[in-house]
Structures are given as C-alpha cells and as structure tokens.
file upload-v8.cif (mmCIF, C-alpha atoms)
data_structure
#
loop_
_atom_site.label_atom_id
_atom_site.label_comp_id
_atom_site.auth_asym_id
_atom_site.auth_seq_id
_atom_site.Cartn_x
_atom_site.Cartn_y
_atom_site.Cartn_z
CA MET M 19 0.00 0.00 0.00
CA VAL M 20 2.80 2.42 0.88
CA PHE M 21 4.52 1.57 -2.42
CA LYS M 22 1.31 2.21 -4.37
CA LYS M 23 0.84 5.59 -2.68
CA MET M 24 4.43 6.52 -3.49
CA MET M 25 4.04 5.48 -7.14
CA SER M 26 0.78 7.43 -7.37
CA ALA M 27 2.54 10.54 -6.07
CA PHE M 28 4.94 10.21 -9.02
CA GLY M 29 2.07 9.92 -11.48
CA VAL M 30 2.20 6.16 -11.94
CA GLY M 31 -1.26 4.61 -12.02
CA GLY M 32 -2.86 8.03 -11.55
CA PRO M 33 -5.69 9.62 -13.50
CA SER M 34 -5.20 10.74 -17.10
CA VAL M 35 -6.59 13.66 -19.10
CA ASP M 36 -7.39 13.99 -22.80
CA THR M 37 -8.98 17.12 -24.26
CA VAL M 38 -10.98 16.83 -27.48
CA LEU M 39 -11.82 19.98 -29.44
CA THR M 40 -15.03 20.01 -31.46
CA ASN M 41 -13.12 22.09 -34.01
CA PRO M 42 -9.49 23.24 -33.55
CA ASN M 43 -10.10 26.12 -36.00
CA THR M 44 -11.26 29.45 -34.65
CA ARG M 45 -11.03 33.22 -35.12
CA PRO M 46 -10.33 36.13 -32.75
CA GLY M 47 -13.43 36.95 -30.72
CA LEU M 48 -15.01 33.53 -31.19
CA ALA M 49 -14.66 30.45 -28.95
CA LEU M 50 -13.20 26.97 -28.77
CA ASP M 51 -15.67 24.22 -27.86
CA GLY M 52 -14.85 20.75 -26.65
CA GLN M 53 -14.68 18.47 -23.68
CA VAL M 54 -12.07 17.35 -21.18
CA ASN M 55 -12.11 13.57 -20.78
CA LEU M 56 -10.84 12.28 -17.43
CA LEU M 57 -10.01 8.65 -16.69
CA GLY M 58 -9.50 7.52 -13.12
CA GLY M 59 -6.33 5.67 -12.18
CA ASP M 60 -5.72 2.75 -9.85
CA ALA M 61 -6.86 4.64 -6.75
CA PRO M 62 -9.35 7.40 -5.92
CA ALA M 63 -8.05 10.88 -6.76
CA ASN M 64 -8.98 14.31 -5.49
CA ILE M 65 -8.92 16.74 -8.41
CA GLU M 66 -8.40 20.30 -7.19
CA GLN M 67 -9.27 21.95 -10.51
CA VAL M 68 -9.18 21.57 -14.28
CA VAL M 69 -7.72 24.60 -16.06
CA LEU M 70 -7.69 25.41 -19.78
CA SER M 71 -5.23 27.94 -21.20
CA LEU M 72 -4.02 29.25 -24.55
CA VAL M 73 -0.25 29.18 -25.00
CA THR M 74 2.05 30.42 -27.74
CA ARG M 75 5.70 31.18 -28.47
CA VAL M 76 6.83 34.77 -27.88
CA GLU M 77 10.12 36.50 -28.74
CA ILE M 78 11.62 38.29 -25.73
CA GLU M 79 14.50 40.75 -25.83
CA GLY M 80 16.73 41.39 -22.86
CA HIS M 81 20.08 43.09 -22.50
CA ASP M 82 21.74 42.39 -25.87
CA THR M 83 20.00 39.01 -26.03
CA GLU M 84 16.89 37.65 -27.68
CA TYR M 85 15.19 34.38 -26.92
CA ALA M 86 11.83 32.67 -27.36
CA GLY M 87 9.64 31.42 -24.54
CA ILE M 88 6.29 29.70 -24.28
CA MET M 89 3.73 32.08 -22.79
CA GLU M 90 0.28 31.44 -21.39
CA PHE M 91 -1.93 34.41 -22.27
CA HIS M 92 -5.50 33.33 -21.52
CA ARG M 93 -6.92 30.84 -19.00
CA MET M 94 -10.22 29.53 -17.71
CA VAL M 95 -11.15 27.14 -14.92
CA ALA M 96 -13.24 24.37 -16.50
CA SER M 97 -14.00 22.58 -13.23
CA GLY M 98 -13.53 23.08 -9.53
CA PRO M 99 -12.79 20.33 -6.98
CA LEU M 100 -14.07 16.85 -7.74
CA GLN M 101 -13.40 13.24 -6.78
CA LEU M 102 -12.47 10.69 -9.41
CA ALA M 103 -13.01 7.03 -8.55
CA PRO M 104 -10.68 4.29 -9.84
CA LYS M 105 -11.18 3.81 -13.62
CA GLN M 106 -14.07 6.30 -13.60
CA GLN M 107 -14.68 8.11 -16.89
CA LEU M 108 -15.83 11.72 -16.70
CA ALA M 109 -16.41 14.24 -19.49
CA ILE M 110 -16.35 17.99 -18.76
CA PRO M 111 -17.74 20.14 -21.62
CA PHE M 112 -16.34 23.63 -22.08
CA GLN M 113 -16.51 26.74 -24.21
CA LEU M 114 -13.34 28.85 -24.07
CA PRO M 115 -13.68 32.44 -25.37
CA VAL M 116 -10.82 33.41 -27.71
CA PRO M 117 -9.52 36.94 -26.97
CA TRP M 118 -9.96 39.50 -29.73
CA GLU M 119 -6.19 40.15 -29.77
CA THR M 120 -5.29 36.49 -30.27
CA PRO M 121 -2.66 36.36 -33.04
CA ILE M 122 -3.40 34.82 -36.42
CA THR M 123 -1.71 31.48 -37.06
CA ASP M 124 -3.25 30.32 -40.36
CA VAL M 125 -4.04 32.12 -43.62
CA TYR M 126 -5.54 30.52 -46.73
CA GLY M 127 -5.54 27.20 -44.90
CA GLN M 128 -1.78 27.26 -44.31
CA ARG M 129 0.22 27.85 -41.16
CA LEU M 130 2.07 31.17 -41.07
CA ARG M 131 5.77 30.41 -40.83
CA GLY M 132 6.90 31.16 -37.28
CA MET M 133 3.51 30.83 -35.54
CA THR M 134 2.43 28.28 -32.94
CA MET M 135 -0.70 28.07 -30.81
CA GLY M 136 -1.93 25.46 -28.37
CA LEU M 137 -4.69 24.75 -25.89
CA ARG M 138 -3.21 23.42 -22.66
CA THR M 139 -5.27 21.41 -20.18
CA GLU M 140 -3.94 21.17 -16.65
CA LEU M 141 -5.26 18.67 -14.15
CA ALA M 142 -4.28 19.70 -10.61
CA ILE M 143 -4.25 16.61 -8.41
CA ALA M 144 -4.02 16.78 -4.63
CA ARG M 145 -0.78 15.27 -3.29
CA ALA M 146 0.27 13.94 -6.69
CA VAL M 147 1.97 14.96 -9.92
CA ASP M 148 -0.20 17.24 -12.03
CA LYS M 149 -1.25 15.92 -15.44
CA SER M 150 -1.58 17.97 -18.61
CA ASP M 151 -2.53 17.77 -22.28
CA LEU M 152 -1.69 20.04 -25.22
CA ASP M 153 -3.74 20.39 -28.40
CA GLN M 154 -2.90 22.36 -31.52
CA VAL M 155 -5.17 25.30 -32.34
CA ALA M 156 -5.47 27.22 -35.63
CA VAL M 157 -6.52 30.88 -35.45
CA HIS M 158 -7.81 32.20 -38.77
CA PRO M 159 -8.17 35.88 -39.69
CA LEU M 160 -11.37 37.88 -39.41
CA PRO M 161 -12.79 39.29 -42.68
CA VAL M 162 -11.06 42.67 -42.32
CA HIS M 163 -7.74 40.91 -41.62
CA GLU M 164 -8.22 38.77 -44.72
CA ARG M 165 -8.92 41.77 -46.94
CA ILE M 166 -5.79 43.59 -45.78
CA LEU M 167 -3.57 40.51 -46.10
CA ASP M 168 -5.02 39.82 -49.53
CA ALA M 169 -4.28 43.41 -50.57
CA PHE M 170 -0.63 43.00 -49.59
CA GLN M 171 -0.40 39.86 -51.69
CA ARG M 172 -2.18 41.42 -54.68
CA LEU M 173 0.16 44.42 -54.47
CA GLY M 174 3.07 41.99 -54.89
CA PHE M 175 4.36 41.68 -51.32
CA ARG M 176 5.79 38.25 -50.42
CA PHE M 177 5.28 36.80 -46.96
CA LYS M 178 8.54 36.32 -45.06
CA HIS M 179 7.86 35.38 -41.46
CA ALA M 180 5.57 36.01 -38.49
CA ASP M 181 6.33 36.16 -34.81
CA LEU M 182 5.14 37.56 -31.50
CA GLU M 183 7.12 40.25 -29.72
CA ARG M 184 6.78 40.94 -26.01
CA GLY M 185 5.82 44.56 -25.39
CA ARG M 186 3.10 47.12 -25.88
CA ILE M 187 2.52 49.56 -28.73
CA HIS M 188 2.30 53.21 -27.75
CA GLY M 189 -1.03 54.82 -28.51
CA VAL M 190 -2.86 51.53 -29.05
CA GLN M 191 -5.21 50.02 -26.48
CA GLN M 192 -3.76 46.58 -25.92
CA THR M 193 -4.76 43.84 -23.46
CA LEU M 194 -2.18 41.14 -24.21
CA PRO M 195 1.50 41.50 -23.21
CA PHE M 196 2.70 40.89 -26.78
CA TYR M 197 1.90 41.87 -30.37
CA GLN M 198 2.18 40.02 -33.66
CA GLU M 199 4.43 41.09 -36.52
CA ILE M 200 3.68 39.73 -39.99
CA GLU M 201 6.71 40.46 -42.17
CA PHE M 202 6.73 40.92 -45.94
CA TYR M 203 9.41 41.39 -48.57
CA ALA M 204 8.72 44.60 -50.48
CA ALA M 205 6.77 44.42 -53.73
CA PRO M 206 8.72 45.47 -56.87
CA GLN M 207 6.98 48.84 -57.20
CA TYR M 208 8.05 49.75 -53.63
CA ALA M 209 11.46 48.08 -53.65
CA GLN M 210 13.45 51.21 -54.39
CA ALA M 211 12.12 52.87 -51.24
CA VAL M 212 11.35 49.95 -48.90
CA ARG M 213 13.15 46.71 -48.09
CA GLU M 214 10.54 45.06 -45.89
CA VAL M 215 7.22 45.85 -44.23
CA GLU M 216 5.99 44.58 -40.87
CA LEU M 217 2.24 44.49 -40.32
CA THR M 218 0.62 44.39 -36.87
CA PHE M 219 -3.07 43.95 -36.07
CA VAL M 220 -4.39 44.94 -32.64
CA THR M 221 -7.99 43.78 -32.74
CA SER M 222 -10.94 44.60 -30.51
CA GLN M 223 -14.69 44.21 -30.74
CA ARG M 224 -14.86 47.75 -32.13
CA GLY M 225 -12.34 47.29 -34.94
CA VAL M 226 -8.66 46.85 -35.77
CA ASP M 227 -5.68 49.11 -35.20
CA VAL M 228 -3.25 48.52 -38.05
CA VAL M 229 0.40 49.38 -37.40
CA LEU M 230 2.91 49.42 -40.28
CA GLU M 231 6.68 49.51 -39.97
CA CYS M 232 8.54 50.12 -43.22
CA ASP M 233 12.26 49.41 -43.37
CA LYS M 234 13.29 52.21 -45.72
CA ARG M 235 16.31 52.01 -47.96
CA GLY M 236 19.11 54.52 -47.57
CA GLY M 237 20.13 56.88 -50.36
CA PHE M 238 23.54 57.81 -51.70
CA LEU M 239 24.15 60.26 -48.85
CA SER M 240 21.73 58.90 -46.25
CA SER M 241 21.36 55.75 -44.19
CA GLY M 242 18.26 53.59 -44.06
CA HIS M 243 15.69 53.99 -41.31
CA ASP M 244 12.30 52.74 -40.19
CA ALA M 245 9.02 54.57 -40.77
CA PHE M 246 5.81 53.91 -38.85
CA GLY M 247 2.14 54.38 -39.56
CA ARG M 248 -0.91 53.66 -37.43
CA TYR M 249 -4.44 53.36 -38.83
CA HIS M 250 -7.82 52.22 -37.53
CA VAL M 251 -10.46 50.30 -39.47
CA SER M 252 -13.89 48.99 -38.57
CA HIS M 253 -15.00 45.38 -38.95
CA ALA M 254 -17.86 46.74 -41.04
CA ASP M 255 -15.34 48.13 -43.56
CA ALA M 256 -14.33 44.66 -44.73
CA ASP M 257 -16.48 44.70 -47.87
CA ARG M 258 -16.96 48.44 -48.25
CA VAL M 259 -13.62 49.70 -49.55
CA ASP M 260 -10.97 49.01 -52.16
CA TRP M 261 -8.31 47.51 -49.91
CA MET M 262 -5.56 47.59 -52.52
CA GLN M 263 -6.03 51.34 -52.79
CA VAL M 264 -6.24 51.75 -49.00
CA VAL M 265 -3.11 49.71 -48.27
CA ASP M 266 -1.19 51.44 -51.07
CA GLY M 267 -2.18 54.79 -49.54
CA TRP M 268 -1.06 53.66 -46.09
CA LEU M 269 2.34 52.59 -47.42
CA ARG M 270 2.93 55.80 -49.35
CA GLU M 271 1.81 57.95 -46.44
CA THR M 272 3.90 56.02 -43.93
CA THR M 273 7.10 56.23 -45.94
CA SER M 274 6.61 59.92 -46.80
CA HIS M 275 5.85 61.00 -43.22
CA TYR M 276 9.02 59.65 -41.66
CA GLY M 277 10.21 63.12 -40.69
CA GLY M 278 7.03 63.90 -38.80
CA LEU M 279 7.09 60.57 -37.00
CA ARG M 280 10.70 61.08 -36.00
CA ALA M 281 9.87 64.46 -34.56
CA ALA M 282 7.09 62.84 -32.55
CA GLY M 283 9.55 60.38 -31.05
CA PHE M 284 8.89 57.42 -33.35
CA GLY M 285 11.35 55.55 -35.50
CA GLN M 286 14.27 55.40 -33.08
CA GLY M 287 16.25 52.23 -32.61
CA HIS M 288 13.92 49.50 -33.79
CA GLY M 289 14.96 46.18 -35.17
CA HIS M 290 16.39 42.87 -34.06
CA GLY M 291 19.45 43.58 -32.01
CA ARG M 292 18.83 47.34 -32.20
CA GLY M 293 17.01 48.11 -29.01
CA ARG M 294 13.61 46.48 -29.34
CA GLY M 295 13.55 46.64 -25.56
CA ALA M 296 12.49 50.24 -26.16
CA GLY M 297 10.68 48.54 -29.00
CA MET M 298 9.14 49.58 -32.29
CA GLY M 299 11.16 52.77 -32.41
CA GLY M 300 9.64 54.25 -29.28
CA MET M 301 6.14 53.04 -30.12
CA VAL M 302 6.49 50.06 -27.82
CA ALA M 303 6.83 50.28 -24.08
CA GLY M 304 8.15 47.31 -22.10
CA ALA M 305 5.43 45.27 -20.43
CA ALA M 306 5.76 43.31 -17.20
CA LEU M 307 4.06 39.94 -17.49
CA GLY M 308 1.11 39.38 -15.22
CA VAL M 309 -0.47 36.15 -14.03
CA ALA M 310 -2.08 35.48 -17.39
CA GLY M 311 1.15 36.25 -19.23
CA GLY M 312 3.67 34.20 -17.29
CA MET M 313 6.25 31.98 -18.87
CA ILE M 314 5.40 28.29 -18.70
CA ALA M 315 8.12 25.96 -17.54
CA GLY M 316 8.18 22.30 -18.47
CA GLU M 317 9.84 20.16 -21.08
CA MET M 318 6.51 18.66 -22.11
CA ILE M 319 5.27 21.92 -23.59
CA GLU M 320 8.57 22.75 -25.29
CA ASP M 321 8.74 19.26 -26.77
CA ALA M 322 5.17 19.47 -28.03
CA PHE M 323 5.79 22.77 -29.77
CA GLU M 324 9.05 21.55 -31.26
CA GLY M 325 7.43 18.31 -32.42
CA ASP M 326 3.76 18.41 -33.35
CA PHE M 327 3.62 22.19 -33.69
CA GLY M 328 6.97 22.76 -35.34
CA GLY M 329 5.90 22.35 -38.95
CA ASP M 330 5.83 25.59 -40.91
CA PHE M 331 4.02 25.47 -44.21
CA GLY M 332 5.64 28.49 -45.78
CA GLY M 333 2.87 30.96 -45.04
CA PHE M 334 0.83 32.12 -47.98
CA GLU M 335 3.58 32.99 -50.40
CA GLU M 336 3.24 31.50 -53.86
#
call {"tool": "encode", "arguments": {"input": "upload-v8.cif", "output": "structure tokens"}}
result
Amino acid sequence: MVFKKMMSAFGVGGPSVDTVLTNPNTRPGLALDGQVNLLGGDAPANIEQVVLSLVTRVEIEGHDTEYAGIMEFHRMVASGPLQLAPKQQLAIPFQLPVPWETPITDVYGQRLRGMTMGLRTELAIARAVDKSDLDQVAVHPLPVHERILDAFQRLGFRFKHADLERGRIHGVQQTLPFYQEIEFYAAPQYAQAVREVELTFVTSQRGVDVVLECDKRGGFLSSGHDAFGRYHVSHADADRVDWMQVVDGWLRETTSHYGGLRAAGFGQGHGHGRGRGAGMGGMVAGAALGVAGGMIAGEMIEDAFEGDFGGDFGGFEE
C-alpha cells in the first residue's frame, strides 16, 4: 500500500486527461468548444481543478539578447474540486472564449511560418503529480484581416515570417502582453524605397488598429531607417472599400511621413538587435508579465511545440 501511494505521487497509475476539441479552428473573438475527458487511475483521486489555457511562443529581448519562450496568455477554470473514482470516466464540456487580440496562425488554410498556438489542459491533483494535455489550435483571420492581407499579396508583397514580440505599442489600447508582426518582402513597385514591411493587427470588438513599420532604404548620402504608420479600421469596412487602394495609400503615407514621426519620437532604434527593448522605435513600451502572461516551464510543452507544432508550411507565399 505504501509503495502504491508513493508510485501514485509520481504519477504512476494516476488519472489521465485527454482534451478533445469540437473544431481546432477558430477566429479572434469567437470560442473553442470541446470536452475534457478524465479517466481515473488505480486509486481514488482528489482533483483540485481543471484549467484550460491558450499558450504560444513569444520572442523576448533582454540586454543584448533575444530568446523565445512559451507564454500562457489566456486561462479559464473548467472545473472546480471533484473526486475521481478508480477507472471512472468523466467528461467535462467547455466553451473557451478566444480573446480578440489572439494572433493569427493560419491564412488561406496554411500555417504562417513562425507561428504556434496550443490549448493546454492542466489537471491539478491533490498530493500527486499534475497531469496535462496540449492540443494544436489554428486561429484564422477575421474578414477585415483577410482583406488587408489579400491586398498585400495582390500588391506583390511576399510573406517572409511572423512572430510575436513581447511589449506594448504606444497609442494603441492593448490587453495582451505581446503583439504580432507579420513580415513581408517589399513588392517590386516599392522596392526602391522599402526593403521590408511589418504588419501588426491589434484587434478589438470595435475594430482593428493597423500598425505598419517600413524598413526604408538609404540613399547615396543617407542611411536607411524605419518609418511607422498607425491606422484604424472597422470590422464593417471589410467589404466596403478598395483595400488595394487603402493599403497602397497607407504605405505611401507612412514612408513619406518619416520626418514627422521622428519628430514625434517614433522611428528610433527598432529592429532585431537594435534596441527592441524600447521597442518599435519608441512606439512600444516594455510590459511586465502578469499572471495570465507568465512563462510556462516544463519540457513537455517545449517538446510538443518543437514536435507536433513545429511544422511551418511556408505561409501564404506562392
């Protein structure tokens, strides 16, 4: 009996958890539905709580260093305390709201290179090793996101990479401790002025703040620099405007207004290895991570992201 109790404390013969999503595909502002399936072990178990959380990989910059960590950014308690008898099967249905600012992971049915997203289920067991499960989630764009991304592609921009950067964007109401950057190689008609463009969506129920960062080319007597533009669109605008014309206007305005942005304190020291701690050229302020934005330790999660979630499908470039 003592041996069995000891083995149970190490997770041997204990309860198991398996989460099944009704549909792993979702969009910002919608929900993920499913059920948590519990199976009792060899002995009765006291379950303290069942917690669901969304986790993703975030780039973090420190003093002259940059590294990636797995961050939990949204959580919900699916069940409070319960007792699980030996070999008992129990299903707990759930509906997890997806935050409006949740980053996009899939476009045109393909995973954006650099993006990962998972639903983590944690089973807290009294006096025993906690059990967990991790399921891949695909977050698709809302209609206004799709129109803007499509406009970039139709204008000739080629998708390069996407990632999440820890920090907050100045002047934008933001609830998550990170923001997404979707990077493009410049289209031919912009190539003489711009090397690359980074696109950021900060989405809410009211609409989308669109932030552009253009990596401008230097001239014969001048060095290159970054130019920034910030625009707001409504969800209702998705099918009302010519998005190619709108995006082209944004790009031309952003690159031509560099001087004004610099005077306002933007455009200083952005870029990998060039002070992103200050971030997005002064537009980003450092953000301390709260309870819902803490780094998750554990080899299981890292291994899952490296294995099942590690496949990049090249984004939506042709």
call {"tool": "atom_distance", "arguments": {"input": "upload-v8.cif", "atom1": "atom CA of Gly247 of chain M", "atom2": "atom CA of Pro161 of chain M"}}
result
21.5 Å
call {"tool": "closest_atom_pairs", "arguments": {"input": "upload-v8.cif", "of": "segment 188-243 of chain M", "to": "segment 76-90 of chain M", "cutoff": "10 Å", "atoms": "all atoms listed in the file", "output": "tab-separated table"}}
result
residue	atom	partner	partner_atom	distance
M:Pro195	CA	M:Met89	CA	9.7
M:Phe196	CA	M:Val76	CA	7.5
M:Tyr197	CA	M:Val76	CA	9.0
M:Gln198	CA	M:Val76	CA	9.1
call {"tool": "write_last_selection", "arguments": {"input": "upload-v8.cif", "atoms": "C-alpha atoms", "output": "short mmCIF file (atom, residue, chain, number, x, y, z; two decimals), in the frame of the given file"}}
result
data_model
loop_
_atom_site.label_atom_id
_atom_site.label_comp_id
_atom_site.auth_asym_id
_atom_site.auth_seq_id
_atom_site.Cartn_x
_atom_site.Cartn_y
_atom_site.Cartn_z
CA PRO M 195 1.50 41.50 -23.21
CA PHE M 196 2.70 40.89 -26.78
CA TYR M 197 1.90 41.87 -30.37
CA GLN M 198 2.18 40.02 -33.66
#
call {"tool": "atom_distance", "arguments": {"input": "upload-v8.cif", "atom1": "atom CA of Val155 of chain M", "atom2": "atom CA of Ser222 of chain M"}}
result
20.2 Å
call {"tool": "residues_around", "arguments": {"input": "upload-v8.cif", "residues": "Leu230 of chain M", "least_positions_apart": "5", "cutoff": "6 Å", "atoms": "all atoms listed in the file", "output": "PyMOL selection string"}}
result
chain M and resi 216-217+246-247
call {"tool": "write_last_selection", "arguments": {"input": "upload-v8.cif", "atoms": "C-alpha atoms", "output": "mmCIF file, keeping the file's coordinate frame"}}
result
data_model
loop_
_atom_site.group_PDB
_atom_site.id
_atom_site.type_symbol
_atom_site.label_atom_id
_atom_site.label_comp_id
_atom_site.auth_asym_id
_atom_site.auth_seq_id
_atom_site.Cartn_x
_atom_site.Cartn_y
_atom_site.Cartn_z
ATOM 1 C CA GLU M 216 5.990 44.580 -40.870
ATOM 2 C CA LEU M 217 2.240 44.490 -40.320
ATOM 3 C CA PHE M 246 5.810 53.910 -38.850
ATOM 4 C CA GLY M 247 2.140 54.380 -39.560
#
call {"tool": "closest_residue", "arguments": {"input": "upload-v8.cif", "among": "M:Arg138, M:His179, M:Arg131, M:His188", "to": "Phe91 of chain M", "atoms": "only C-alpha atoms"}}
result
M:Arg138
call {"tool": "residues_around", "arguments": {"input": "upload-v8.cif", "residues": "Gln107 of chain M", "least_positions_apart": "4", "cutoff": "9 Å", "atoms": "all atoms listed in the file", "output": "number ranges by chain"}}
result
M: 55-58, 102-103
call {"tool": "closest_residue", "arguments": {"input": "upload-v8.cif", "among": "M:Ala180, M:Leu114, M:Leu130, M:Val35", "to": "Ala142 of chain M", "atoms": "all atoms listed in the file"}}
result
M:Val35
